[in-house]
Every structure is written in structure tokens, then in C-alpha cells.
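Structure data (PDB, C-alpha atoms and all ligand atoms) from protein.pdb:
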ATOM      1  CA  MET A  64      -3.291  -6.078  29.476
ATOM      2  CA  PRO A  65      -4.320  -4.921  25.959
ATOM      3  CA  PRO A  66      -2.442  -6.663  23.128
ATOM      4  CA  PRO A  67       0.560  -4.712  21.792
ATOM      5  CA  SER A  68      -0.385  -2.470  18.905
ATOM      6  CA  VAL A  69       1.099  -0.226  16.267
ATOM      7  CA  VAL A  70       0.011   3.417  16.257
ATOM      8  CA  LYS A  71       2.037   4.854  13.382
ATOM      9  CA  ALA A  72       2.090   4.242   9.649
ATOM     10  CA  ILE A  73       4.428   5.535   6.956
ATOM     11  CA  VAL A  74       2.767   5.832   3.539
ATOM     12  CA  PRO A  75       5.229   6.524   0.697
ATOM     13  CA  VAL A  76       3.578   8.394  -2.180
ATOM     14  CA  ALA A  77       6.580  10.142  -3.753
ATOM     15  CA  GLY A  78       7.256   7.871  -6.759
ATOM     16  CA  LEU A  79       7.160   9.198 -10.321
ATOM     17  CA  GLY A  80       4.515   6.763 -11.557
ATOM     18  CA  THR A  81       6.118   6.559 -14.999
ATOM     19  CA  ARG A  82       4.289   3.346 -15.856
ATOM     20  CA  LEU A  83       1.015   5.249 -15.724
ATOM     21  CA  LEU A  84       1.968   8.160 -17.978
ATOM     22  CA  PRO A  85       0.378  10.252 -19.370
ATOM     23  CA  ALA A  86      -2.298   9.966 -16.623
ATOM     24  CA  THR A  87       0.331  10.759 -13.991
ATOM     25  CA  LYS A  88       2.056  13.656 -15.771
ATOM     26  CA  SER A  89       0.679  16.203 -13.314
ATOM     27  CA  MET A  90      -1.567  14.036 -11.120
ATOM     28  CA  PRO A  91      -0.127  11.707  -8.467
ATOM     29  CA  LYS A  92      -0.848   8.056  -9.289
ATOM     30  CA  GLU A  93      -2.000   7.680  -5.677
ATOM     31  CA  MET A  94      -4.860  10.083  -6.550
ATOM     32  CA  LEU A  95      -6.166   8.002  -9.475
ATOM     33  CA  PRO A  96      -9.784   7.084  -8.784
ATOM     34  CA  VAL A  97     -10.675   3.438  -8.218
ATOM     35  CA  GLY A  98     -14.452   3.593  -8.413
ATOM     36  CA  ARG A  99     -15.434   6.769  -6.562
ATOM     37  CA  LYS A 100     -12.371   7.210  -4.346
ATOM     38  CA  PRO A 101      -8.690   7.880  -5.000
ATOM     39  CA  VAL A 102      -6.324   4.995  -4.205
ATOM     40  CA  VAL A 103      -4.687   6.714  -1.241
ATOM     41  CA  GLN A 104      -8.057   7.226   0.473
ATOM     42  CA  TYR A 105      -8.548   3.434   0.528
ATOM     43  CA  VAL A 106      -5.095   3.145   2.106
ATOM     44  CA  ALA A 107      -5.900   5.751   4.793
ATOM     45  CA  GLU A 108      -9.275   4.101   5.521
ATOM     46  CA  GLU A 109      -7.595   0.688   5.837
ATOM     47  CA  LEU A 110      -5.145   2.141   8.373
ATOM     48  CA  GLN A 111      -7.969   3.842  10.303
ATOM     49  CA  ALA A 112      -9.991   0.610  10.349
ATOM     50  CA  ALA A 113      -6.919  -1.212  11.683
ATOM     51  CA  GLY A 114      -6.758   1.272  14.571
ATOM     52  CA  ILE A 115      -3.723   3.288  13.435
ATOM     53  CA  PRO A 116      -4.247   6.956  14.340
ATOM     54  CA  GLN A 117      -1.030   8.592  13.012
ATOM     55  CA  ILE A 118      -0.122   8.572   9.325
ATOM     56  CA  LEU A 119       3.010  10.091   7.799
ATOM     57  CA  LEU A 120       2.782  10.553   4.037
ATOM     58  CA  ILE A 121       6.130  10.755   2.247
ATOM     59  CA  THR A 122       5.290  13.106  -0.595
ATOM     60  CA  GLY A 123       7.288  14.936  -3.241
ATOM     61  CA  ARG A 124       6.939  17.563  -5.928
ATOM     62  CA  ARG A 125       3.661  17.278  -7.912
ATOM     63  CA  LYS A 126       2.000  15.517  -4.940
ATOM     64  CA  GLN A 127       0.205  18.537  -3.429
ATOM     65  CA  ALA A 128      -3.196  17.090  -4.378
ATOM     66  CA  ILE A 129      -2.760  14.319  -1.785
ATOM     67  CA  GLU A 130      -2.363  16.790   1.081
ATOM     68  CA  ASP A 131      -5.375  18.772  -0.176
ATOM     69  CA  HIS A 132      -7.467  15.592  -0.357
ATOM     70  CA  PHE A 133      -7.085  14.873   3.374
ATOM     71  CA  ASP A 134      -7.558  18.502   4.372
ATOM     72  CA  ALA A 135     -10.884  19.987   5.463
ATOM     73  CA  ASP A 136     -12.489  22.300   2.871
ATOM     74  CA  PRO A 137     -14.797  24.733   4.723
ATOM     75  CA  GLU A 138     -15.935  26.522   1.520
ATOM     76  CA  LEU A 139     -16.974  23.291  -0.173
ATOM     77  CA  THR A 140     -18.653  22.002   2.992
ATOM     78  CA  ALA A 141     -20.580  25.268   3.424
ATOM     79  CA  ALA A 142     -21.756  25.142  -0.217
ATOM     80  CA  LEU A 143     -22.977  21.539   0.196
ATOM     81  CA  GLN A 144     -24.714  22.450   3.471
ATOM     82  CA  ARG A 145     -26.487  25.403   1.790
ATOM     83  CA  ALA A 146     -27.629  23.049  -0.973
ATOM     84  CA  GLY A 147     -28.756  20.481   1.616
ATOM     85  CA  ASN A 148     -26.622  17.836  -0.088
ATOM     86  CA  GLU A 149     -26.358  15.340   2.779
ATOM     87  CA  ARG A 150     -25.127  12.511   0.609
ATOM     88  CA  MET A 151     -22.082  14.418  -0.642
ATOM     89  CA  LEU A 152     -21.380  15.701   2.860
ATOM     90  CA  ALA A 153     -21.329  12.081   4.061
ATOM     91  CA  ASP A 154     -18.874  11.230   1.259
ATOM     92  CA  LEU A 155     -16.519  13.922   2.563
ATOM     93  CA  ALA A 156     -16.781  12.820   6.221
ATOM     94  CA  TYR A 157     -13.417  11.029   5.906
ATOM     95  CA  THR A 158     -11.626  14.402   6.323
ATOM     96  CA  ASP A 159     -12.996  14.502   9.883
ATOM     97  CA  SER A 160     -11.840  11.024  10.899
ATOM     98  CA  GLY A 161      -9.731  11.886  13.948
ATOM     99  CA  THR A 162      -6.587  10.572  12.235
ATOM    100  CA  ARG A 163      -3.528  12.830  12.467
ATOM    101  CA  PHE A 164      -1.852  13.260   9.071
ATOM    102  CA  PHE A 165       1.801  14.297   8.849
ATOM    103  CA  TYR A 166       3.680  15.127   5.664
ATOM    104  CA  THR A 167       7.302  15.258   4.648
ATOM    105  CA  ARG A 168       8.891  15.484   1.232
ATOM    106  CA  GLN A 169      11.355  13.078  -0.298
ATOM    107  CA  ALA A 170      13.857  15.391  -2.036
ATOM    108  CA  GLU A 171      14.087  13.114  -5.082
ATOM    109  CA  PRO A 172      12.476   9.748  -5.801
ATOM    110  CA  ARG A 173      15.533   7.649  -4.938
ATOM    111  CA  GLY A 174      13.635   4.443  -4.221
ATOM    112  CA  LEU A 175      11.148   3.066  -1.704
ATOM    113  CA  GLY A 176      13.852   2.479   0.921
ATOM    114  CA  ASP A 177      14.963   6.101   0.697
ATOM    115  CA  ALA A 178      11.326   7.224   1.080
ATOM    116  CA  VAL A 179      10.821   5.051   4.192
ATOM    117  CA  LEU A 180      14.036   6.420   5.744
ATOM    118  CA  TYR A 181      12.372   9.853   5.865
ATOM    119  CA  GLY A 182      10.034   8.346   8.479
ATOM    120  CA  ALA A 183      12.790   7.380  10.974
ATOM    121  CA  GLU A 184      12.198  10.217  13.473
ATOM    122  CA  PHE A 185       8.408   9.852  13.171
ATOM    123  CA  ALA A 186       8.598   6.114  13.940
ATOM    124  CA  GLY A 187      10.923   6.626  16.920
ATOM    125  CA  ASN A 188      11.468   3.494  19.014
ATOM    126  CA  GLU A 189       8.236   1.717  18.107
ATOM    127  CA  PRO A 190       7.331  -0.760  15.368
ATOM    128  CA  CYS A 191       5.463   0.955  12.542
ATOM    129  CA  VAL A 192       3.426  -0.002   9.513
ATOM    130  CA  VAL A 193       4.642   0.809   6.015
ATOM    131  CA  ALA A 194       1.730   0.858   3.556
ATOM    132  CA  LEU A 195       2.422   1.685  -0.094
ATOM    133  CA  GLY A 196       0.157   4.471  -1.255
ATOM    134  CA  ASP A 197      -0.484   2.874  -4.647
ATOM    135  CA  SER A 198      -1.931  -0.459  -3.459
ATOM    136  CA  ILE A 199      -5.300  -1.422  -2.030
ATOM    137  CA  ILE A 200      -5.704  -4.478   0.202
ATOM    138  CA  TYR A 201      -9.202  -5.860  -0.040
ATOM    139  CA  GLY A 202     -10.073  -8.028   2.969
ATOM    140  CA  GLU A 203     -13.031  -9.684   4.654
ATOM    141  CA  ARG A 204     -13.563  -6.487   6.662
ATOM    142  CA  PRO A 205     -11.805  -3.134   6.241
ATOM    143  CA  GLY A 206      -8.393  -3.287   7.924
ATOM    144  CA  SER A 207      -8.730  -6.975   8.883
ATOM    145  CA  THR A 208      -5.638  -8.065   6.934
ATOM    146  CA  LEU A 209      -3.485  -5.388   8.543
ATOM    147  CA  ARG A 210      -4.791  -6.201  12.023
ATOM    148  CA  ALA A 211      -3.868  -9.856  11.466
ATOM    149  CA  LEU A 212      -0.432  -8.859  10.167
ATOM    150  CA  VAL A 213       0.223  -6.730  13.277
ATOM    151  CA  ALA A 214      -0.965  -9.502  15.616
ATOM    152  CA  GLY A 215       1.226 -12.022  13.770
ATOM    153  CA  HIS A 216       4.216  -9.681  14.035
ATOM    154  CA  PHE A 217       3.972  -9.471  17.835
ATOM    155  CA  ALA A 218       3.096 -13.168  18.259
ATOM    156  CA  SER A 219       6.194 -14.319  16.337
ATOM    157  CA  GLY A 220       8.551 -11.765  17.914
ATOM    158  CA  ALA A 221       9.602 -10.686  14.425
ATOM    159  CA  CYS A 222      11.847  -7.766  13.626
ATOM    160  CA  ALA A 223      10.009  -7.336  10.320
ATOM    161  CA  THR A 224       6.868  -8.942   8.884
ATOM    162  CA  VAL A 225       5.893  -8.602   5.233
ATOM    163  CA  LEU A 226       2.558  -9.342   3.619
ATOM    164  CA  VAL A 227       2.966 -11.659   0.618
ATOM    165  CA  GLU A 228       0.734 -12.868  -2.206
ATOM    166  CA  ASP A 229       1.027 -15.686  -4.733
ATOM    167  CA  VAL A 230       1.985 -14.444  -8.208
ATOM    168  CA  ALA A 231       2.441 -16.232 -11.542
ATOM    169  CA  PRO A 232       5.981 -17.589 -12.138
ATOM    170  CA  ASP A 233       6.317 -15.261 -15.166
ATOM    171  CA  ASP A 234       5.596 -12.179 -13.024
ATOM    172  CA  VAL A 235       8.247 -12.602 -10.316
ATOM    173  CA  TYR A 236      10.602 -10.092 -11.984
ATOM    174  CA  ARG A 237       8.189  -7.251 -11.062
ATOM    175  CA  TYR A 238       8.274  -7.791  -7.277
ATOM    176  CA  GLY A 239      10.256  -8.468  -4.130
ATOM    177  CA  ILE A 240      10.152 -12.265  -3.733
ATOM    178  CA  VAL A 241      10.582 -14.117  -0.430
ATOM    179  CA  ALA A 242      12.362 -17.414   0.346
ATOM    180  CA  PRO A 243      10.650 -19.264   3.255
ATOM    181  CA  ALA A 244      13.022 -20.819   5.805
ATOM    182  CA  ASP A 245      11.183 -24.160   5.822
ATOM    183  CA  ALA A 246      10.432 -26.225   2.753
ATOM    184  CA  GLY A 247       6.962 -27.726   2.386
ATOM    185  CA  GLU A 248       3.419 -26.505   2.809
ATOM    186  CA  LEU A 249       3.291 -22.843   3.853
ATOM    187  CA  PRO A 250       0.756 -21.769   6.438
ATOM    188  CA  ILE A 251      -2.019 -19.286   5.734
ATOM    189  CA  GLY A 252      -3.199 -17.338   8.771
ATOM    190  CA  GLU A 253       0.057 -17.528  10.688
ATOM    191  CA  PRO A 254       3.484 -16.010  10.087
ATOM    192  CA  PHE A 255       6.377 -18.056   8.682
ATOM    193  CA  ARG A 256      10.057 -17.246   8.904
ATOM    194  CA  LEU A 257      12.135 -16.217   5.889
ATOM    195  CA  ARG A 258      15.681 -17.164   4.983
ATOM    196  CA  ASP A 259      15.967 -14.571   2.203
ATOM    197  CA  ILE A 260      14.185 -11.917   0.198
ATOM    198  CA  VAL A 261      15.210 -10.709  -3.278
ATOM    199  CA  GLU A 262      14.184  -7.634  -5.205
ATOM    200  CA  LYS A 263      12.896  -8.327  -8.753
ATOM    201  CA  PRO A 264      14.599 -11.703  -9.463
ATOM    202  CA  ARG A 265      14.869 -13.035 -13.012
ATOM    203  CA  VAL A 266      12.124 -15.413 -14.138
ATOM    204  CA  GLY A 267      13.415 -18.910 -13.365
ATOM    205  CA  ALA A 268      15.794 -17.672 -10.657
ATOM    206  CA  ALA A 269      13.215 -16.722  -8.010
ATOM    207  CA  PRO A 270      13.222 -18.629  -4.689
ATOM    208  CA  SER A 271       9.376 -18.806  -4.695
ATOM    209  CA  CYS A 272       6.310 -17.215  -6.288
ATOM    210  CA  LEU A 273       5.436 -15.276  -3.123
ATOM    211  CA  ALA A 274       5.663 -11.547  -3.772
ATOM    212  CA  VAL A 275       5.783  -8.768  -1.195
ATOM    213  CA  ALA A 276       2.332  -7.170  -1.237
ATOM    214  CA  ALA A 277       2.679  -3.505  -0.248
ATOM    215  CA  ARG A 278       2.273  -3.843   3.548
ATOM    216  CA  TYR A 279       5.042  -4.232   6.147
ATOM    217  CA  ILE A 280       5.380  -4.126   9.938
ATOM    218  CA  LEU A 281       8.892  -2.943  10.737
ATOM    219  CA  ASN A 282      10.784  -2.561  13.995
ATOM    220  CA  PRO A 283      13.074   0.500  14.226
ATOM    221  CA  ASP A 284      16.102  -1.724  13.310
ATOM    222  CA  ILE A 285      14.983  -1.221   9.698
ATOM    223  CA  PHE A 286      16.332   2.331   9.756
ATOM    224  CA  ASP A 287      19.851   1.128  10.721
ATOM    225  CA  ALA A 288      19.602  -1.440   7.951
ATOM    226  CA  LEU A 289      18.466   1.181   5.416
ATOM    227  CA  ARG A 290      21.416   3.425   6.341
ATOM    228  CA  GLN A 291      23.804   0.530   5.673
ATOM    229  CA  THR A 292      22.168  -0.825   2.512
ATOM    230  CA  PRO A 293      24.028  -0.134  -0.741
ATOM    231  CA  LEU A 294      22.159   1.528  -3.615
ATOM    232  CA  ASP A 295      20.971  -0.767  -6.410
ATOM    233  CA  SER A 296      22.252  -0.680 -10.000
ATOM    234  CA  ARG A 297      19.858   2.213 -10.783
ATOM    235  CA  GLY A 298      21.114   4.284  -7.853
ATOM    236  CA  GLU A 299      17.962   3.632  -5.778
ATOM    237  CA  LEU A 300      17.683   2.469  -2.168
ATOM    238  CA  GLN A 301      15.398  -0.564  -1.988
ATOM    239  CA  LEU A 302      13.396  -1.492   1.117
ATOM    240  CA  THR A 303      13.662  -5.169   0.109
ATOM    241  CA  ASP A 304      17.483  -4.953   0.220
ATOM    242  CA  ALA A 305      17.353  -3.499   3.757
ATOM    243  CA  ILE A 306      15.036  -6.318   4.906
ATOM    244  CA  ARG A 307      17.508  -8.746   3.336
ATOM    245  CA  LEU A 308      20.247  -7.148   5.441
ATOM    246  CA  LEU A 309      18.134  -7.707   8.586
ATOM    247  CA  ILE A 310      17.992 -11.413   7.674
ATOM    248  CA  GLN A 311      21.771 -11.454   7.122
ATOM    249  CA  TRP A 312      22.201  -9.909  10.591
ATOM    250  CA  GLY A 313      20.274 -12.900  11.973
ATOM    251  CA  ARG A 314      17.137 -10.917  12.855
ATOM    252  CA  PRO A 315      13.813 -12.800  12.660
ATOM    253  CA  VAL A 316      11.980 -11.734   9.510
ATOM    254  CA  TYR A 317       8.581 -13.278   8.826
ATOM    255  CA  ALA A 318       5.996 -13.275   6.058
ATOM    256  CA  TRP A 319       2.220 -13.468   6.263
ATOM    257  CA  ARG A 320       0.355 -14.826   3.267
ATOM    258  CA  LEU A 321      -2.832 -13.246   1.904
ATOM    259  CA  ARG A 322      -5.823 -15.514   2.437
ATOM    260  CA  PRO A 323      -7.859 -16.659  -0.613
ATOM    261  CA  SER A 324     -10.653 -14.219   0.348
ATOM    262  CA  GLU A 325      -8.195 -11.292   0.339
ATOM    263  CA  GLN A 326      -6.676  -9.470  -2.584
ATOM    264  CA  ARG A 327      -3.996  -6.916  -3.291
ATOM    265  CA  TYR A 328      -4.751  -4.381  -6.023
ATOM    266  CA  ASP A 329      -1.611  -2.772  -7.428
ATOM    267  CA  ILE A 330      -2.360   0.577  -9.048
ATOM    268  CA  GLY A 331       1.192   0.853 -10.429
ATOM    269  CA  ASN A 332       0.469  -0.310 -13.987
ATOM    270  CA  PHE A 333      -2.492   0.031 -16.317
ATOM    271  CA  GLU A 334      -3.421  -3.674 -16.499
ATOM    272  CA  SER A 335      -4.004  -4.049 -12.775
ATOM    273  CA  TYR A 336      -5.339  -0.488 -12.410
ATOM    274  CA  PHE A 337      -8.102  -1.227 -14.941
ATOM    275  CA  ARG A 338      -8.946  -4.502 -13.170
ATOM    276  CA  ALA A 339      -9.118  -2.711  -9.808
ATOM    277  CA  PHE A 340     -11.367  -0.003 -11.238
ATOM    278  CA  VAL A 341     -13.800  -2.514 -12.701
ATOM    279  CA  ASP A 342     -13.958  -4.611  -9.494
ATOM    280  CA  PHE A 343     -14.546  -1.620  -7.226
ATOM    281  CA  ALA A 344     -16.990   0.075  -9.602
ATOM    282  CA  LEU A 345     -19.002  -3.164  -9.888
ATOM    283  CA  ALA A 346     -19.058  -3.488  -6.080
ATOM    284  CA  ASP A 347     -20.203   0.127  -5.641
ATOM    285  CA  GLU A 348     -23.464   0.182  -3.696
ATOM    286  CA  ARG A 349     -24.782   3.187  -5.628
ATOM    287  CA  TYR A 350     -23.540   2.660  -9.195
ATOM    288  CA  GLY A 351     -22.484  -1.001  -9.371
ATOM    289  CA  TYR A 352     -25.884  -2.251 -10.500
ATOM    290  CA  THR A 353     -26.116  -0.025 -13.583
ATOM    291  CA  LEU A 354     -22.503  -0.742 -14.549
ATOM    292  CA  ARG A 355     -23.184  -4.477 -14.301
ATOM    293  CA  LYS A 356     -26.205  -4.100 -16.594
ATOM    294  CA  TYR A 357     -24.131  -2.048 -19.054
ATOM    295  CA  LEU A 358     -21.269  -4.567 -19.112
ATOM    296  CA  LYS A 359     -23.667  -7.480 -19.567
ATOM    297  CA  ALA A 360     -25.235  -5.727 -22.566
ATOM    298  CA  ARG A 361     -21.816  -4.829 -23.988
ATOM    299  CA  ALA A 362     -20.496  -8.371 -23.570
ATOM    300  CA  TYR A 363     -22.162  -9.233 -26.906
ATOM    301  CA  ASP A 364     -19.814  -6.751 -28.646
ATOM    302  CA  ILE A 365     -16.563  -7.639 -26.872
TER     303      ILE A 365
HETATM  304  P1  LIG B 401       6.858   1.996  -7.371
HETATM  305  O1  LIG B 401       7.851   0.956  -7.091
HETATM  306  O2  LIG B 401       5.633   1.565  -8.104
HETATM  307  O3  LIG B 401       7.595   3.172  -8.157
HETATM  308  O4  LIG B 401       6.452   2.666  -6.000
HETATM  309  P2  LIG B 401       7.091   4.499  -8.862
HETATM  310  O5  LIG B 401       8.315   5.309  -9.076
HETATM  311  O6  LIG B 401       5.991   5.157  -8.091
HETATM  312  O7  LIG B 401       6.456   4.041 -10.248
HETATM  313  P3  LIG B 401       7.119   3.826 -11.694
HETATM  314  O8  LIG B 401       8.024   2.632 -11.558
HETATM  315  O9  LIG B 401       7.851   5.107 -12.054
HETATM  316  O10 LIG B 401       5.949   3.571 -12.594
HETATM  317  C1  LIG B 401       5.710   2.007  -4.977
HETATM  318  C2  LIG B 401       5.269   3.048  -3.958
HETATM  319  O11 LIG B 401       6.412   3.671  -3.368
HETATM  320  C3  LIG B 401       6.402   5.070  -3.570
HETATM  321  C4  LIG B 401       5.449   5.303  -4.732
HETATM  322  O12 LIG B 401       4.847   6.598  -4.651
HETATM  323  C5  LIG B 401       4.442   4.178  -4.579
HETATM  324  O13 LIG B 401       3.378   4.540  -3.724
HETATM  325  N1  LIG B 401       7.788   5.543  -3.852
HETATM  326  C6  LIG B 401       8.550   4.929  -4.793
HETATM  327  C7  LIG B 401       8.277   6.634  -3.162
HETATM  328  O14 LIG B 401       7.581   7.223  -2.286
HETATM  329  N2  LIG B 401       9.532   7.092  -3.454
HETATM  330  C8  LIG B 401      10.327   6.495  -4.386
HETATM  331  O15 LIG B 401      11.485   6.947  -4.592
HETATM  332  C9  LIG B 401       9.818   5.383  -5.072
END
Could I get this file's structure written as C-alpha cells?
Amino acid sequence: MPPPSVVKAIVPVAGLGTRLLPATKSMPKEMLPVGRKPVVQYVAEELQAAGIPQILLITGRRKQAIEDHFDADPELTAALQRAGNERMLADLAYTDSGTRFFYTRQAEPRGLGDAVLYGAEFAGNEPCVVALGDSIIYGERPGSTLRALVAGHFASGACATVLVEDVAPDDVYRYGIVAPADAGELPIGEPFRLRDIVEKPRVGAAPSCLAVAARYILNPDIFDALRQTPLDSRGELQLTDAIRLLIQWGRPVYAWRLRPSEQRYDIGNFESYFRAFVDFALADERYGYTLRKYLKARAYDI
């Protein structure tokens, strides 16, 4: 029998992106380029590489560019064919990937949990992936982290599995932070159970330095939990709070830690966006070499 798999992913891309203004005034932050590709294309390619053929993007006003990006463009393709521009045609081959894209609009950005709830009917009775559209997961091979997360989810019998990364103690207030059930050395490469999860704890009050890293495998129970989760102090529905409710209901919730060779790039603020851009531009097979030479020369001035 083939191993159980996940075939659907919900990708929320409806947030306002205020931390990246003015760049995001009229352009979705998920369309910001990291090297030669917009962030959300990396996310879609990661899902494709992990074998997930159906993607629901939760969009909103001012997010039309995302839908256009994944759509075929016959005029542009014909112009490139006339010009014999094979290289550019190859760069646009992602629009012909065989993945089915679905779109729905979040009426207002009322929080990540509210955005995910729009995917309830799409997910149906199966576990689904939630992949934030503003974060890139860099792994040993494309999609390898997500494949491992899915396998871990089924192996542990979890109701929800969250990817986590180590963050500095001073940064915990930016993230959802998990509390492992067992004290002591935490495994890498296998899931571990959680006793709690807290959204943006105060520095000094966090149960660990393990932050939720933009990827989740969620059984359909999450939608019941989201419907029963109270809004936070800003009137938003938080996915972390709904996962916390699953734990309080006694459901098995697990975390899976990023391996040292893997990295999460958060494109939600300028500091980490700039770092992501530099890393991906330097790794670019076509332009990385000249950028490296330029940066080496410039290093004398910095
Ligand atoms: P963030 O938590 O970074 O929020 O969203 P944001 O609103 O986009 O950004 P700031 O805080 O205003 O700078 C994480 C992911 O969840 C999506 C975002 O589009 C992003 O991909 N999201 C967030 C939604 O789809 N809807 C929401 O209501 C909030």
C-alpha cells in the first residue's frame, strides 16, 4: 500500500503586509522578488515538489497579481516564441505544472486563523497542508522538509503537526512558540508532542525558543477549533490559538524541528527579506557569480 499522503494545500496570502510598506502599498508582499522569483512561486514549487497537486490561495483585495502570476499568458508566450527566446520560455514553464490552483477571497484580513477557515470546504475530510505565502523553506532538496513533515504527521498519528525553528530568546515575541511535552533533549528528524503553544509571548515568558515556521499539517478538526476560538485582543482569529484549543481538547499535536541544513526565510519584515534576497541571489546559477564578485569588491567600502 502507498504511504498516506496529503493532496491539498491552503496558502494564505491575504495579509496587509504593513511591515513592508511602502513596497507593499499596491503590490502583495507575496509577490516581492527573492532573487529572480516572487516569494509565492517558491511556495508553490515547494508544494509541487512535495507531491501536492491542489493549492487553494486565500487572497484579498490588492492581491490580483498573484492570480495573474500563476495563470498562462498566451500573448507573452507567443511573443517569446517568435523571438526564439527559449531561456525565458523555460523560466515561465511553471505556469504549465499540472497543479490545480483555486482562489477564494478573505473578506477582510482578520487574522491567519480566519484566512485558513476559508479553506474548510476545500479541505473536506482530509488532512491538508497550510503553507504561509510569505515564507520560503529552503531544504536539502525542493519539498524535502514538507515531505518529512507529512510523513511524521502520519507516523505519529497527530491531529496537527507544526514545523518549528530555533529563534533567539529576544525574538520570541514575534512568533507562535511551542512548549514540548517532554523536558530534555528534543529530537531532530522525528516529531515530538506538545503540551502547549502560545502566540507571541513576552520575552522571558516563553515556554521555549522554538517558533512555528510557516508550515502546518492539519486534520479537519482544526476547522471546529477555529470556529470555537475567541478573537485575540486585536480582534483577529489566530491559527496558533486554535491549535492550542486542540491541545486543550486532548488531541495529539506534534512539532517537527527544522534540521541544521534547512532554513526558513520569512519575507514579512525588511531585515529578513533583505537577507533572503542576498542568499538567493548569491545562489542563482546565472547571476550569483557576478553578484559575489561585486559584493567582494564592495566589502572594502562597507
Ligand atoms: P502576517 O502574520 O505576516 O501578517 O501573515 P500580515 O498582515 O501579512 O503582515 P503585517 O503584520 O501587516 O506586516 C502571515 C501570512 O498569513 C497571511 C499573510 O498574507 C501572510 O502570507 N494572512 C495574514 C492572511 O492571509 N490573512 C490575514 O488576515 C493575515
Take the PyMOL selection byres (((chain A and resi 261) around 12) and not hetatm), run it mentally on this structure, and tell me the resulting residues as a VMD selection string.
chain A and resid 235 to 243 257 to 260 262 to 265 268 to 275 295 301 to 308 310
Please determine, counting all atoms listed in the file, which residue among A:Asp234, A:Glu228, A:Asp136, A:Glu149 has the shortest atom-to-atom distance to Tyr328 in chain A.
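Among A:Asp234, A:Glu228, A:Asp136, A:Glu149, it is A:Glu228 that comes nearest to Tyr328 in chain A.
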Which of these, A:Ile280, A:Ala346, A:Ile121, A:Leu155, has the shortest distance to Gln104 in chain A once you count all atoms listed in the file?
A:Leu155
Of the candidates A:Thr224, A:Ser296, A:Gln311, A:Thr158, which one gets nearest to Ala135 in chain A if we count all atoms listed in the file?
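Under the stated criterion, the closest residue is A:Thr158.
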CA of Ala223 in chain A to CA of Ile285 in chain A, straight-line distance in Å:
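Computed distance, CA of Ile285 in chain A to CA of Ala223 in chain A, equals 7.9 Å.
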Work out how far CA of Ala170 in chain A is from CA of Gly80 in chain A, in Å to one decimal.
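The value is 15.9 Å.
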So that I can see what lies close to range 330-338 of chain A, please list as a ChimeraX atom specification the residues with an atom at most 8 Å from it, counting only C-alpha atoms and leaving out residues fewer than 2 positions away in the same chain.
/A:80,82-83,92-93,97,102,197-199,328,340-342
Could the residues in this selection be written to a file with C-alpha atoms, as a JSON list (two decimals), in the coordinates of the input?
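As a result, selection.json now contains:
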[["chain", "number", "residue", "atom", "x", "y", "z"],
["A", 80, "GLY", "CA", 4.51, 6.76, -11.56],
["A", 82, "ARG", "CA", 4.29, 3.35, -15.86],
["A", 83, "LEU", "CA", 1.01, 5.25, -15.72],
["A", 92, "LYS", "CA", -0.85, 8.06, -9.29],
["A", 93, "GLU", "CA", -2.00, 7.68, -5.68],
["A", 97, "VAL", "CA", -10.68, 3.44, -8.22],
["A", 102, "VAL", "CA", -6.32, 5.00, -4.20],
["A", 197, "ASP", "CA", -0.48, 2.87, -4.65],
["A", 198, "SER", "CA", -1.93, -0.46, -3.46],
["A", 199, "ILE", "CA", -5.30, -1.42, -2.03],
["A", 328, "TYR", "CA", -4.75, -4.38, -6.02],
["A", 340, "PHE", "CA", -11.37, 0.00, -11.24],
["A", 341, "VAL", "CA", -13.80, -2.51, -12.70],
["A", 342, "ASP", "CA", -13.96, -4.61, -9.49]]
Which residues are near ligand LIG 401 (chain B) in this structure, taking near to mean any atom at most 6 Å from a ligand atom and counting all atoms listed in the file? Format them as a ChimeraX atom specification.
/A:75-82,121,172-175,178,195-197,331
Residues near Glu253 in chain A, cut-off 10 Å, all atoms listed in the file, skip fewer than 6 positions along chain, as a VMD selection string:
chain A and resid 211 to 212 214 to 216 218 to 219 317 to 320
When you look at Tyr105 in chain A with a cut-off of 12 Å (counting all atoms listed in the file), what residues show up, excluding the ones that are within fewer than 2 positions of it in the same chain? I need them as a VMD selection string.
chain A and resid 74 93 to 103 107 to 112 133 157 194 to 202 205 to 206 327 to 328 330 343
Give the answer as one residue: which of A:Pro137, A:Pro293, A:Gly313, A:Gly182 has the shortest atom-to-atom distance to Ala221 in chain A, using only C-alpha atoms?
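Among A:Pro137, A:Pro293, A:Gly313, A:Gly182, it is A:Gly313 that comes nearest to Ala221 in chain A.
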Of the candidates A:Arg210, A:Arg124, A:Lys71, A:Lys356, which one gets nearest to Lys88 in chain A if we count all atoms listed in the file?
A:Arg124
By how many Å are CA of Ser89 in chain A and CA of Asp347 in chain A apart?
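Answer for the CA of Ser89 in chain A to CA of Asp347 in chain A separation: 27.4 Å.
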Tell me which of A:Arg204, A:Thr122, A:Asn188, A:Thr140 sits closest to Thr167 in chain A, counting only C-alpha atoms.
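Smallest separation from Thr167 in chain A among the options: A:Thr122.
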Residues proximal to (4.0, -2.5, 7.4) were defined as those with any atom within 8 Å of that point in the file's coordinates, counting all atoms listed in the file. Which are they, as a PyMOL selection string?
chain A and resi 72+191-194+224-226+277-281
Adding 4 Å on each side of the box along x, y and z that holds all listed atoms of range 320-332 of chain A, could you give its centre and edge lengths in Å to one decimal, as AutoDock Vina command-line options?
--center_x -4.7 --center_y -7.9 --center_z -5.4 --size_x 19.8 --size_y 25.5 --size_z 25.3
Reconstructed range 107-113 of chain A, atom set N, CA, C and O atoms, as a tab-separated table (two decimals), in the frame of the given file:
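The new file selection07.tsv reads:
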chain	number	residue	atom	x	y	z
A	107	ALA	N	-5.67	5.07	3.51
A	107	ALA	CA	-5.90	5.75	4.79
A	107	ALA	C	-7.05	5.09	5.55
A	107	ALA	O	-6.98	4.89	6.77
A	108	GLU	N	-8.13	4.73	4.85
A	108	GLU	CA	-9.28	4.10	5.52
A	108	GLU	C	-8.91	2.71	6.07
A	108	GLU	O	-9.40	2.31	7.12
A	109	GLU	N	-8.05	1.99	5.35
A	109	GLU	CA	-7.60	0.69	5.84
A	109	GLU	C	-6.81	0.87	7.15
A	109	GLU	O	-7.01	0.13	8.11
A	110	LEU	N	-5.95	1.89	7.17
A	110	LEU	CA	-5.14	2.14	8.37
A	110	LEU	C	-6.05	2.56	9.54
A	110	LEU	O	-5.88	2.09	10.67
A	111	GLN	N	-7.03	3.42	9.25
A	111	GLN	CA	-7.97	3.84	10.30
A	111	GLN	C	-8.72	2.63	10.84
A	111	GLN	O	-8.86	2.45	12.05
A	112	ALA	N	-9.21	1.78	9.93
A	112	ALA	CA	-9.99	0.61	10.35
A	112	ALA	C	-9.13	-0.35	11.17
A	112	ALA	O	-9.65	-1.08	12.02
A	113	ALA	N	-7.82	-0.34	10.92
A	113	ALA	CA	-6.92	-1.21	11.68
A	113	ALA	C	-6.48	-0.56	12.99
A	113	ALA	O	-5.64	-1.10	13.70
